[in-house]
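Quick notes on the structure that follows.
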Amino acid sequence: MRKIINKYEKRIGRPLDVIGEAFIGHMVLMMDYEGKIYGGYDSFLTCLGENYYEAINNLCEGKETEEIE
């Protein structure tokens, strides 16, 4: 898993800490040092929110978020 997290870190340009999972373990939830929450699975990475309130809201409401290339 660390190998995949390293790839995500390179894409956003900052370190990430794993904080949980979503979708029955299919998505890894991560936070950067600014408090932004990211979700990733396989090669897909997205910013779920600028803070955990926004991220939880976006997850619960099923809002689409843009993929980070």
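Naming works like this for the structure tokens: A, B, ... for the chains as they're shown, residue 1 at the start of each chain, ligands 1 onward in shown order.
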*asked:* So that I can see what lies close to segment 7-10 of chain A, please list as an MDAnalysis selection string the residues with an atom at most 7 Å from it, counting only C-alpha atoms and leaving out residues fewer than 5 positions away in the same chain.
replied: chainID A and resid 15:16 45
Counting only C-alpha atoms, what is within 12 Å of Gly13 of chain A, bar same-chain residues fewer than 5 positions away, as a PDB file with N, CA and C atoms, in the first residue's frame?
ATOM      1  N   ILE A   5       0.567   4.932  -2.095  1.00  0.00           N
ATOM      2  CA  ILE A   5       0.501   6.229  -1.404  1.00  0.00           C
ATOM      3  C   ILE A   5       1.628   7.132  -1.910  1.00  0.00           C
ATOM      4  N   ASN A   6       2.811   6.580  -2.113  1.00  0.00           N
ATOM      5  CA  ASN A   6       3.933   7.369  -2.640  1.00  0.00           C
ATOM      6  C   ASN A   6       3.588   7.960  -4.007  1.00  0.00           C
ATOM      7  N   LYS A   7       2.903   7.189  -4.846  1.00  0.00           N
ATOM      8  CA  LYS A   7       2.486   7.698  -6.164  1.00  0.00           C
ATOM      9  C   LYS A   7       1.479   8.831  -6.014  1.00  0.00           C
ATOM     10  N   TYR A   8       0.541   8.687  -5.069  1.00  0.00           N
ATOM     11  CA  TYR A   8      -0.425   9.754  -4.807  1.00  0.00           C
ATOM     12  C   TYR A   8       0.299  11.017  -4.332  1.00  0.00           C
ATOM     13  N   ASP A  32      -3.657  15.551   4.002  1.00  0.00           N
ATOM     14  CA  ASP A  32      -2.352  16.207   3.901  1.00  0.00           C
ATOM     15  C   ASP A  32      -2.179  17.153   5.092  1.00  0.00           C
ATOM     16  N   TYR A  33      -1.032  17.805   5.185  1.00  0.00           N
ATOM     17  CA  TYR A  33      -0.737  18.667   6.334  1.00  0.00           C
ATOM     18  C   TYR A  33      -1.572  19.944   6.358  1.00  0.00           C
ATOM     19  N   ILE A  68      -7.629  13.649  -9.751  1.00  0.00           N
ATOM     20  CA  ILE A  68      -6.348  14.351  -9.805  1.00  0.00           C
ATOM     21  C   ILE A  68      -5.427  13.516 -10.682  1.00  0.00           C
ATOM     22  N   GLU A  69      -4.992  14.089 -11.777  1.00  0.00           N
ATOM     23  CA  GLU A  69      -4.140  13.367 -12.744  1.00  0.00           C
ATOM     24  C   GLU A  69      -2.706  13.332 -12.305  1.00  0.00           C
TER      25      GLU A  69
END
*strand (DSSP E or B) call set, DSSP backbone run, segment 6-60 of chain A, as a ChimeraX atom specification*: /A:17-22,27-31,37-41,44-49
Only N, CA and C atoms, please: the residues just picked out, written as a PDB file, in the first residue's frame.
ATOM      1  N   ASP A  17      -1.145  11.193   4.995  1.00  0.00           N
ATOM      2  CA  ASP A  17      -1.306  10.209   6.066  1.00  0.00           C
ATOM      3  C   ASP A  17      -2.627   9.494   5.858  1.00  0.00           C
ATOM      4  N   VAL A  18      -2.617   8.186   5.988  1.00  0.00           N
ATOM      5  CA  VAL A  18      -3.836   7.393   5.859  1.00  0.00           C
ATOM      6  C   VAL A  18      -4.677   7.626   7.117  1.00  0.00           C
ATOM      7  N   ILE A  19      -5.967   7.941   6.927  1.00  0.00           N
ATOM      8  CA  ILE A  19      -6.854   8.202   8.066  1.00  0.00           C
ATOM      9  C   ILE A  19      -8.054   7.260   8.111  1.00  0.00           C
ATOM     10  N   GLY A  20      -8.238   6.461   7.076  1.00  0.00           N
ATOM     11  CA  GLY A  20      -9.365   5.534   7.093  1.00  0.00           C
ATOM     12  C   GLY A  20      -9.640   4.951   5.727  1.00  0.00           C
ATOM     13  N   GLU A  21     -10.858   4.422   5.604  1.00  0.00           N
ATOM     14  CA  GLU A  21     -11.278   3.827   4.345  1.00  0.00           C
ATOM     15  C   GLU A  21     -12.767   4.077   4.133  1.00  0.00           C
ATOM     16  N   ALA A  22     -13.200   3.941   2.909  1.00  0.00           N
ATOM     17  CA  ALA A  22     -14.608   4.121   2.549  1.00  0.00           C
ATOM     18  C   ALA A  22     -14.991   3.065   1.520  1.00  0.00           C
ATOM     19  N   MET A  27     -11.781   2.294  -1.006  1.00  0.00           N
ATOM     20  CA  MET A  27     -11.140   3.600  -1.128  1.00  0.00           C
ATOM     21  C   MET A  27     -10.353   3.899   0.145  1.00  0.00           C
ATOM     22  N   VAL A  28      -9.111   4.298  -0.028  1.00  0.00           N
ATOM     23  CA  VAL A  28      -8.275   4.724   1.089  1.00  0.00           C
ATOM     24  C   VAL A  28      -8.470   6.222   1.284  1.00  0.00           C
ATOM     25  N   LEU A  29      -8.713   6.648   2.526  1.00  0.00           N
ATOM     26  CA  LEU A  29      -8.869   8.058   2.849  1.00  0.00           C
ATOM     27  C   LEU A  29      -7.563   8.576   3.437  1.00  0.00           C
ATOM     28  N   MET A  30      -7.119   9.726   2.936  1.00  0.00           N
ATOM     29  CA  MET A  30      -5.836  10.300   3.351  1.00  0.00           C
ATOM     30  C   MET A  30      -5.998  11.787   3.611  1.00  0.00           C
ATOM     31  N   MET A  31      -5.113  12.333   4.442  1.00  0.00           N
ATOM     32  CA  MET A  31      -5.135  13.765   4.744  1.00  0.00           C
ATOM     33  C   MET A  31      -3.735  14.320   4.552  1.00  0.00           C
ATOM     34  N   ILE A  37      -8.676  16.417   2.495  1.00  0.00           N
ATOM     35  CA  ILE A  37      -8.928  14.982   2.523  1.00  0.00           C
ATOM     36  C   ILE A  37      -8.965  14.453   1.094  1.00  0.00           C
ATOM     37  N   TYR A  38      -8.252  13.366   0.878  1.00  0.00           N
ATOM     38  CA  TYR A  38      -8.170  12.731  -0.435  1.00  0.00           C
ATOM     39  C   TYR A  38      -8.684  11.306  -0.340  1.00  0.00           C
ATOM     40  N   GLY A  39      -9.182  10.805  -1.446  1.00  0.00           N
ATOM     41  CA  GLY A  39      -9.597   9.419  -1.548  1.00  0.00           C
ATOM     42  C   GLY A  39      -8.927   8.799  -2.755  1.00  0.00           C
ATOM     43  N   GLY A  40      -8.479   7.569  -2.599  1.00  0.00           N
ATOM     44  CA  GLY A  40      -7.825   6.907  -3.718  1.00  0.00           C
ATOM     45  C   GLY A  40      -8.096   5.420  -3.745  1.00  0.00           C
ATOM     46  N   TYR A  41      -8.139   4.885  -4.938  1.00  0.00           N
ATOM     47  CA  TYR A  41      -8.147   3.437  -5.136  1.00  0.00           C
ATOM     48  C   TYR A  41      -7.484   3.161  -6.469  1.00  0.00           C
ATOM     49  N   PHE A  44      -6.767   5.814  -9.291  1.00  0.00           N
ATOM     50  CA  PHE A  44      -7.687   6.949  -9.141  1.00  0.00           C
ATOM     51  C   PHE A  44      -7.389   7.705  -7.846  1.00  0.00           C
ATOM     52  N   LEU A  45      -7.300   9.037  -7.932  1.00  0.00           N
ATOM     53  CA  LEU A  45      -7.093   9.896  -6.775  1.00  0.00           C
ATOM     54  C   LEU A  45      -7.970  11.131  -6.916  1.00  0.00           C
ATOM     55  N   THR A  46      -8.642  11.519  -5.841  1.00  0.00           N
ATOM     56  CA  THR A  46      -9.497  12.699  -5.860  1.00  0.00           C
ATOM     57  C   THR A  46      -9.388  13.440  -4.543  1.00  0.00           C
ATOM     58  N   CYS A  47      -9.621  14.740  -4.580  1.00  0.00           N
ATOM     59  CA  CYS A  47      -9.714  15.531  -3.353  1.00  0.00           C
ATOM     60  C   CYS A  47     -11.185  15.520  -2.956  1.00  0.00           C
ATOM     61  N   LEU A  48     -11.473  14.939  -1.801  1.00  0.00           N
ATOM     62  CA  LEU A  48     -12.854  14.830  -1.339  1.00  0.00           C
ATOM     63  C   LEU A  48     -13.339  16.106  -0.676  1.00  0.00           C
ATOM     64  N   GLY A  49     -12.406  16.901  -0.147  1.00  0.00           N
ATOM     65  CA  GLY A  49     -12.809  18.141   0.489  1.00  0.00           C
ATOM     66  C   GLY A  49     -11.641  18.907   1.065  1.00  0.00           C
TER      67      GLY A  49
END
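Relative to atom CA of Gly35 of chain A, atom CA of Glu50 of chain A is found at 6.7 Å.
Considering the residues A:Arg11, A:Asp42, A:Lys36, A:Glu66 and counting only C-alpha atoms, Glu54 of chain A has its shortest atom-to-atom contact with A:Lys36.
Our summary of the geometry notes that atom CA of Phe23 of chain A is positioned 11.1 Å from atom CA of Gly62 of chain A.
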*Determine which residues of chain A DSSP labels as alpha helix (DSSP H) from the backbone of this structure, then write them out as a PyMOL selection string.*
chain A and resi 2-12+52-61
Selected residues written out with C-alpha atoms, as a PDB file, in the first residue's frame:
ATOM      1  CA  ARG A   2       2.866   2.421   0.763  1.00  0.00           C
ATOM      2  CA  LYS A   3       3.949   2.179  -2.890  1.00  0.00           C
ATOM      3  CA  ILE A   4       0.552   3.454  -4.037  1.00  0.00           C
ATOM      4  CA  ILE A   5       0.501   6.229  -1.404  1.00  0.00           C
ATOM      5  CA  ASN A   6       3.933   7.369  -2.640  1.00  0.00           C
ATOM      6  CA  LYS A   7       2.486   7.698  -6.164  1.00  0.00           C
ATOM      7  CA  TYR A   8      -0.425   9.754  -4.807  1.00  0.00           C
ATOM      8  CA  GLU A   9       2.027  11.990  -2.912  1.00  0.00           C
ATOM      9  CA  LYS A  10       3.977  12.669  -6.102  1.00  0.00           C
ATOM     10  CA  ARG A  11       0.761  13.654  -7.883  1.00  0.00           C
ATOM     11  CA  ILE A  12      -0.231  16.260  -5.293  1.00  0.00           C
ATOM     12  CA  TYR A  52     -13.064  16.723   6.996  1.00  0.00           C
ATOM     13  CA  TYR A  53     -16.548  18.303   7.301  1.00  0.00           C
ATOM     14  CA  GLU A  54     -16.653  18.896   3.551  1.00  0.00           C
ATOM     15  CA  ALA A  55     -15.197  15.451   2.783  1.00  0.00           C
ATOM     16  CA  ILE A  56     -17.743  13.614   4.960  1.00  0.00           C
ATOM     17  CA  ASN A  57     -20.551  15.657   3.428  1.00  0.00           C
ATOM     18  CA  ASN A  58     -19.350  14.874  -0.111  1.00  0.00           C
ATOM     19  CA  LEU A  59     -19.054  11.160   0.681  1.00  0.00           C
ATOM     20  CA  CYS A  60     -22.463  10.920   2.386  1.00  0.00           C
ATOM     21  CA  GLU A  61     -24.243  12.844  -0.353  1.00  0.00           C
TER      22      GLU A  61
END
